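Source file: model.pdb. Holds: PDB, C-alpha atoms and all ligand atoms.
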ATOM      1  CA  MET A   9      -7.943 232.727  27.489  1.00  0.00           C
ATOM      2  CA  ALA A  10     -10.640 235.328  28.239  1.00  0.00           C
ATOM      3  CA  SER A  11      -9.250 238.576  29.630  1.00  0.00           C
ATOM      4  CA  ASP A  12     -10.728 242.027  30.323  1.00  0.00           C
ATOM      5  CA  PRO A  13      -8.220 244.873  29.983  1.00  0.00           C
ATOM      6  CA  THR A  14     -10.191 246.974  32.483  1.00  0.00           C
ATOM      7  CA  CYS A  15     -10.228 244.237  35.150  1.00  0.00           C
ATOM      8  CA  ILE A  16      -7.830 244.609  38.074  1.00  0.00           C
ATOM      9  CA  PHE A  17      -7.484 240.853  38.578  1.00  0.00           C
ATOM     10  CA  CYS A  18      -6.791 240.300  34.875  1.00  0.00           C
ATOM     11  CA  LYS A  19      -4.037 242.912  35.259  1.00  0.00           C
ATOM     12  CA  ILE A  20      -2.625 240.893  38.164  1.00  0.00           C
ATOM     13  CA  VAL A  21      -2.742 237.724  36.035  1.00  0.00           C
ATOM     14  CA  ALA A  22      -0.921 239.574  33.255  1.00  0.00           C
ATOM     15  CA  GLY A  23       1.740 240.840  35.689  1.00  0.00           C
ATOM     16  CA  GLU A  24       0.796 244.458  34.984  1.00  0.00           C
ATOM     17  CA  ILE A  25       0.167 245.170  38.650  1.00  0.00           C
ATOM     18  CA  PRO A  26       1.871 243.417  41.547  1.00  0.00           C
ATOM     19  CA  CYS A  27       0.483 240.966  44.036  1.00  0.00           C
ATOM     20  CA  PHE A  28       1.730 238.869  46.932  1.00  0.00           C
ATOM     21  CA  LYS A  29       1.553 235.653  44.954  1.00  0.00           C
ATOM     22  CA  LEU A  30       1.026 232.419  46.886  1.00  0.00           C
ATOM     23  CA  PHE A  31       0.515 229.863  44.157  1.00  0.00           C
ATOM     24  CA  GLU A  32       0.016 229.645  40.431  1.00  0.00           C
ATOM     25  CA  ASP A  33      -0.800 226.919  37.963  1.00  0.00           C
ATOM     26  CA  ALA A  34      -1.963 226.977  34.355  1.00  0.00           C
ATOM     27  CA  GLU A  35      -5.571 227.821  35.230  1.00  0.00           C
ATOM     28  CA  THR A  36      -5.448 229.660  38.571  1.00  0.00           C
ATOM     29  CA  LEU A  37      -3.655 232.190  40.723  1.00  0.00           C
ATOM     30  CA  ALA A  38      -3.734 232.636  44.497  1.00  0.00           C
ATOM     31  CA  PHE A  39      -2.569 235.829  46.172  1.00  0.00           C
ATOM     32  CA  MET A  40      -2.962 237.822  49.357  1.00  0.00           C
ATOM     33  CA  ASP A  41      -5.927 240.178  49.741  1.00  0.00           C
ATOM     34  CA  ILE A  42      -4.602 243.710  50.223  1.00  0.00           C
ATOM     35  CA  ASN A  43      -7.426 244.564  52.653  1.00  0.00           C
ATOM     36  CA  PRO A  44      -7.142 241.521  54.906  1.00  0.00           C
ATOM     37  CA  VAL A  45      -9.820 240.706  57.435  1.00  0.00           C
ATOM     38  CA  HIS A  46      -7.150 238.804  59.374  1.00  0.00           C
ATOM     39  CA  ASP A  47      -3.600 237.675  58.685  1.00  0.00           C
ATOM     40  CA  GLY A  48      -3.715 235.062  55.937  1.00  0.00           C
ATOM     41  CA  HIS A  49      -6.742 236.394  54.049  1.00  0.00           C
ATOM     42  CA  ALA A  50      -6.128 235.186  50.503  1.00  0.00           C
ATOM     43  CA  LEU A  51      -7.906 235.115  47.158  1.00  0.00           C
ATOM     44  CA  VAL A  52      -8.031 232.403  44.521  1.00  0.00           C
ATOM     45  CA  ILE A  53      -8.997 233.279  40.974  1.00  0.00           C
ATOM     46  CA  PRO A  54      -9.273 231.481  37.684  1.00  0.00           C
ATOM     47  CA  LYS A  55      -6.887 233.153  35.242  1.00  0.00           C
ATOM     48  CA  ALA A  56      -9.648 233.294  32.638  1.00  0.00           C
ATOM     49  CA  HIS A  57     -11.884 236.305  33.170  1.00  0.00           C
ATOM     50  CA  SER A  58     -15.472 235.733  34.072  1.00  0.00           C
ATOM     51  CA  PRO A  59     -17.477 238.045  36.284  1.00  0.00           C
ATOM     52  CA  ASN A  60     -19.374 235.693  38.539  1.00  0.00           C
ATOM     53  CA  VAL A  61     -20.808 232.248  39.215  1.00  0.00           C
ATOM     54  CA  PHE A  62     -23.520 232.764  36.612  1.00  0.00           C
ATOM     55  CA  GLU A  63     -21.017 233.118  33.787  1.00  0.00           C
ATOM     56  CA  ILE A  64     -17.976 231.128  34.856  1.00  0.00           C
ATOM     57  CA  ALA A  65     -17.153 227.924  32.993  1.00  0.00           C
ATOM     58  CA  PRO A  66     -17.628 225.008  35.403  1.00  0.00           C
ATOM     59  CA  GLU A  67     -14.077 223.836  34.728  1.00  0.00           C
ATOM     60  CA  ASP A  68     -12.710 227.230  35.791  1.00  0.00           C
ATOM     61  CA  PHE A  69     -14.724 227.063  39.003  1.00  0.00           C
ATOM     62  CA  ALA A  70     -13.443 223.524  39.537  1.00  0.00           C
ATOM     63  CA  ALA A  71      -9.843 224.632  38.988  1.00  0.00           C
ATOM     64  CA  ALA A  72     -10.272 227.511  41.478  1.00  0.00           C
ATOM     65  CA  ALA A  73     -11.805 225.123  44.011  1.00  0.00           C
ATOM     66  CA  ARG A  74      -8.890 222.720  43.599  1.00  0.00           C
ATOM     67  CA  THR A  75      -6.392 225.518  44.224  1.00  0.00           C
ATOM     68  CA  ALA A  76      -8.449 226.779  47.183  1.00  0.00           C
ATOM     69  CA  THR A  77      -8.176 223.412  48.942  1.00  0.00           C
ATOM     70  CA  LYS A  78      -4.404 223.575  48.610  1.00  0.00           C
ATOM     71  CA  VAL A  79      -4.054 227.196  49.692  1.00  0.00           C
ATOM     72  CA  ALA A  80      -6.566 226.932  52.553  1.00  0.00           C
ATOM     73  CA  LYS A  81      -4.470 224.139  54.076  1.00  0.00           C
ATOM     74  CA  ALA A  82      -1.350 226.297  53.810  1.00  0.00           C
ATOM     75  CA  VAL A  83      -3.121 229.316  55.346  1.00  0.00           C
ATOM     76  CA  ASN A  84      -4.402 227.100  58.134  1.00  0.00           C
ATOM     77  CA  ALA A  85      -0.906 225.800  58.848  1.00  0.00           C
ATOM     78  CA  ALA A  86       0.723 229.223  58.644  1.00  0.00           C
ATOM     79  CA  VAL A  87      -1.600 231.370  60.756  1.00  0.00           C
ATOM     80  CA  ARG A  88      -3.360 228.752  62.911  1.00  0.00           C
ATOM     81  CA  PRO A  89      -6.774 230.418  62.910  1.00  0.00           C
ATOM     82  CA  ASP A  90      -9.781 229.138  64.857  1.00  0.00           C
ATOM     83  CA  GLY A  91     -11.425 228.295  61.522  1.00  0.00           C
ATOM     84  CA  ILE A  92     -11.529 229.267  57.867  1.00  0.00           C
ATOM     85  CA  ASN A  93     -14.432 230.419  55.740  1.00  0.00           C
ATOM     86  CA  LEU A  94     -14.417 230.130  51.977  1.00  0.00           C
ATOM     87  CA  MET A  95     -16.517 232.996  50.676  1.00  0.00           C
ATOM     88  CA  GLN A  96     -17.550 234.052  47.217  1.00  0.00           C
ATOM     89  CA  ALA A  97     -19.743 237.009  46.230  1.00  0.00           C
ATOM     90  CA  ASN A  98     -21.840 237.485  43.099  1.00  0.00           C
ATOM     91  CA  GLY A  99     -23.231 240.928  42.427  1.00  0.00           C
ATOM     92  CA  GLU A 100     -23.121 244.160  44.381  1.00  0.00           C
ATOM     93  CA  GLY A 101     -26.070 243.025  46.464  1.00  0.00           C
ATOM     94  CA  ALA A 102     -23.913 240.158  47.727  1.00  0.00           C
ATOM     95  CA  GLY A 103     -20.959 242.446  48.424  1.00  0.00           C
ATOM     96  CA  GLN A 104     -18.957 241.799  45.259  1.00  0.00           C
ATOM     97  CA  SER A 105     -16.580 244.667  44.566  1.00  0.00           C
ATOM     98  CA  VAL A 106     -14.274 243.140  41.926  1.00  0.00           C
ATOM     99  CA  GLY A 107     -15.975 241.753  38.835  1.00  0.00           C
ATOM    100  CA  HIS A 108     -13.640 238.795  38.280  1.00  0.00           C
ATOM    101  CA  PHE A 109     -14.749 235.578  39.945  1.00  0.00           C
ATOM    102  CA  HIS A 110     -12.777 234.942  43.124  1.00  0.00           C
ATOM    103  CA  LEU A 111     -12.857 232.759  46.205  1.00  0.00           C
ATOM    104  CA  HIS A 112     -11.928 234.351  49.517  1.00  0.00           C
ATOM    105  CA  ILE A 113     -10.005 232.237  52.006  1.00  0.00           C
ATOM    106  CA  ILE A 114     -10.803 233.963  55.294  1.00  0.00           C
ATOM    107  CA  PRO A 115      -9.081 232.853  58.491  1.00  0.00           C
ATOM    108  CA  ARG A 116     -11.421 233.327  61.438  1.00  0.00           C
ATOM    109  CA  ARG A 117     -10.938 234.138  65.087  1.00  0.00           C
ATOM    110  CA  ALA A 118     -13.478 232.899  67.587  1.00  0.00           C
ATOM    111  CA  GLU A 119     -14.528 236.341  68.796  1.00  0.00           C
ATOM    112  CA  ASP A 120     -14.216 238.273  65.549  1.00  0.00           C
ATOM    113  CA  MET A 121     -17.998 238.629  65.046  1.00  0.00           C
ATOM    114  CA  LEU A 122     -17.645 238.247  61.264  1.00  0.00           C
ATOM    115  CA  LEU A 123     -20.928 236.409  61.063  1.00  0.00           C
ATOM    116  CA  PHE A 124     -23.783 236.387  58.618  1.00  0.00           C
ATOM    117  CA  ASN A 125     -26.313 238.166  60.768  1.00  0.00           C
ATOM    118  CA  TRP A 126     -29.428 236.114  60.190  1.00  0.00           C
ATOM    119  CA  ASP A 127     -31.195 234.529  63.100  1.00  0.00           C
ATOM    120  CA  PRO A 128     -31.817 230.925  62.003  1.00  0.00           C
ATOM    121  CA  LYS A 129     -35.462 229.984  62.532  1.00  0.00           C
ATOM    122  CA  PRO A 130     -37.308 227.033  60.991  1.00  0.00           C
ATOM    123  CA  GLY A 131     -38.978 228.010  57.712  1.00  0.00           C
ATOM    124  CA  ASP A 132     -42.464 227.027  56.603  1.00  0.00           C
ATOM    125  CA  PRO A 133     -41.946 223.591  54.951  1.00  0.00           C
ATOM    126  CA  ALA A 134     -44.675 224.239  52.345  1.00  0.00           C
ATOM    127  CA  HIS A 135     -43.011 227.482  51.307  1.00  0.00           C
ATOM    128  CA  ILE A 136     -39.539 225.894  51.236  1.00  0.00           C
ATOM    129  CA  GLY A 137     -40.977 223.185  48.979  1.00  0.00           C
ATOM    130  CA  GLU A 138     -42.545 225.766  46.628  1.00  0.00           C
ATOM    131  CA  VAL A 139     -39.262 227.621  46.301  1.00  0.00           C
ATOM    132  CA  ALA A 140     -37.456 224.323  45.667  1.00  0.00           C
ATOM    133  CA  ASP A 141     -39.946 223.599  42.850  1.00  0.00           C
ATOM    134  CA  ARG A 142     -39.205 227.000  41.280  1.00  0.00           C
ATOM    135  CA  ILE A 143     -35.456 226.364  41.437  1.00  0.00           C
ATOM    136  CA  ARG A 144     -35.786 222.848  39.969  1.00  0.00           C
ATOM    137  CA  GLY A 145     -37.642 224.411  37.050  1.00  0.00           C
ATOM    138  CA  PHE A 146     -34.397 226.116  36.040  1.00  0.00           C
ATOM    139  CA  LEU A 147     -32.079 223.122  36.444  1.00  0.00           C
TER     140      LEU A 147
HETATM  141  P1  LIG A 201     -15.252 241.146  46.817  1.00  0.00           P
HETATM  142  O1  LIG A 201     -15.630 242.373  47.617  1.00  0.00           O
HETATM  143  O2  LIG A 201     -15.817 239.875  47.313  1.00  0.00           O
HETATM  144  O3  LIG A 201     -15.457 241.387  45.341  1.00  0.00           O
HETATM  145  O4  LIG A 201     -13.692 240.984  47.065  1.00  0.00           O
HETATM  146  C1  LIG A 201     -12.714 241.692  46.363  1.00  0.00           C
HETATM  147  C2  LIG A 201     -11.474 241.647  47.194  1.00  0.00           C
HETATM  148  O5  LIG A 201     -10.394 242.001  46.377  1.00  0.00           O
HETATM  149  C3  LIG A 201     -11.498 242.636  48.379  1.00  0.00           C
HETATM  150  O6  LIG A 201     -11.353 241.899  49.604  1.00  0.00           O
HETATM  151  C4  LIG A 201     -10.308 243.527  48.104  1.00  0.00           C
HETATM  152  O7  LIG A 201      -9.598 243.845  49.274  1.00  0.00           O
HETATM  153  C5  LIG A 201      -9.474 242.688  47.173  1.00  0.00           C
HETATM  154  N1  LIG A 201      -8.606 243.420  46.271  1.00  0.00           N
HETATM  155  C6  LIG A 201      -8.946 244.457  45.479  1.00  0.00           C
HETATM  156  N2  LIG A 201      -7.873 244.853  44.760  1.00  0.00           N
HETATM  157  C7  LIG A 201      -6.853 244.028  45.102  1.00  0.00           C
HETATM  158  C8  LIG A 201      -5.491 243.923  44.710  1.00  0.00           C
HETATM  159  N3  LIG A 201      -4.952 244.753  43.788  1.00  0.00           N
HETATM  160  N4  LIG A 201      -4.714 242.960  45.260  1.00  0.00           N
HETATM  161  C9  LIG A 201      -5.252 242.119  46.175  1.00  0.00           C
HETATM  162  N5  LIG A 201      -6.513 242.168  46.593  1.00  0.00           N
HETATM  163  C10 LIG A 201      -7.320 243.111  46.069  1.00  0.00           C
HETATM  164 ZN    ZN A 202     -10.654 239.753  35.013  1.00  0.00          ZN
END

Rewrite the structure of this file - the entire thing - as structure tokens.
Ligand code: AMP
Ligand code: ZN
Amino acid sequence: MASDPTCIFCKIVAGEIPCFKLFEDAETLAFMDINPVHDGHALVIPKAHSPNVFEIAPEDFAAAARTATKVAKAVNAAVRPDGINLMQANGEGAGQSVGHFHLHIIPRRAEDMLLFNWDPKPGDPAHIGEVADRIRGFL
């Protein structure tokens, strides 16, 4: 299984540094985030190292997603938030600080103001269509 000796999450997988483990199976690990936004903030990682969504094997992403559904339900039951966001960052520009693919499970409170700060306005349909064409060219 791919591992990076310099990666903090690989060290957690290897048991070299501690975590508040929630769940583990052959492919994934779920543990508490040590800088929680709210009580119950948890992370799910594939045990195999890959930096981001561009490089992860689809089956590792699928395994992490499967574990996230299980853990999100447990977080929801345990801390009774107003909602839960699943969040996942790729690259510094998206706020990624640890270079091992991870899903955040973020319990939300109604007034916590943890919102993406765009102001949704209808886009130009012609431009949206052009961008869609560009994306399809890479699929
Ligand atoms: P991101 O900024 O999306 O890459 O998220 C990385 C997350 O990992 C942050 O929320 C950190 O608080 C969290 N984190 C970093 N080191 C540890 C650690 N040793 N144990 C648990 N969570 C960690
Ligand atoms: Zn790693």

Item to complete: Decode the PyMOL selection byres (((not hetatm)) within 8 of (chain A and resi 202)) for the given file into explicit residues and return them as a VMD selection string.
Response: chain A and resid 11 to 19 55 to 59 107 to 109

Worksheet item: Within 9 Å of (-19.1, 236.3, 53.8), in the coordinates the file gives, what residues turn up when you count only C-alpha atoms, written out as a PyMOL selection string?
Response: chain A and resi 93-97+102-103+112+114+122-124

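Taking only C-alpha atoms into account, A:Leu30 lies nearest to A:Lys78 out of the set A:Ala85, A:Pro54, A:Asp68, A:Lys78.
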
Fill in: Within 12 Å of A:Arg117 using only C-alpha atoms, minus same-chain residues under 3 positions, as a PyMOL selection string
chain A and resi 45-48+84+87-93+114+120-123

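Among the candidates A:Arg74, A:Asn60, A:Val83, A:Ile25, the one nearest to A:Glu100 when counting all atoms listed in the file is A:Asn60.
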
Worksheet item: By how many Å are atom O2 of ligand LIG 201 (chain A) and atom CA of A:Thr36 apart?
Response: 17.0 Å
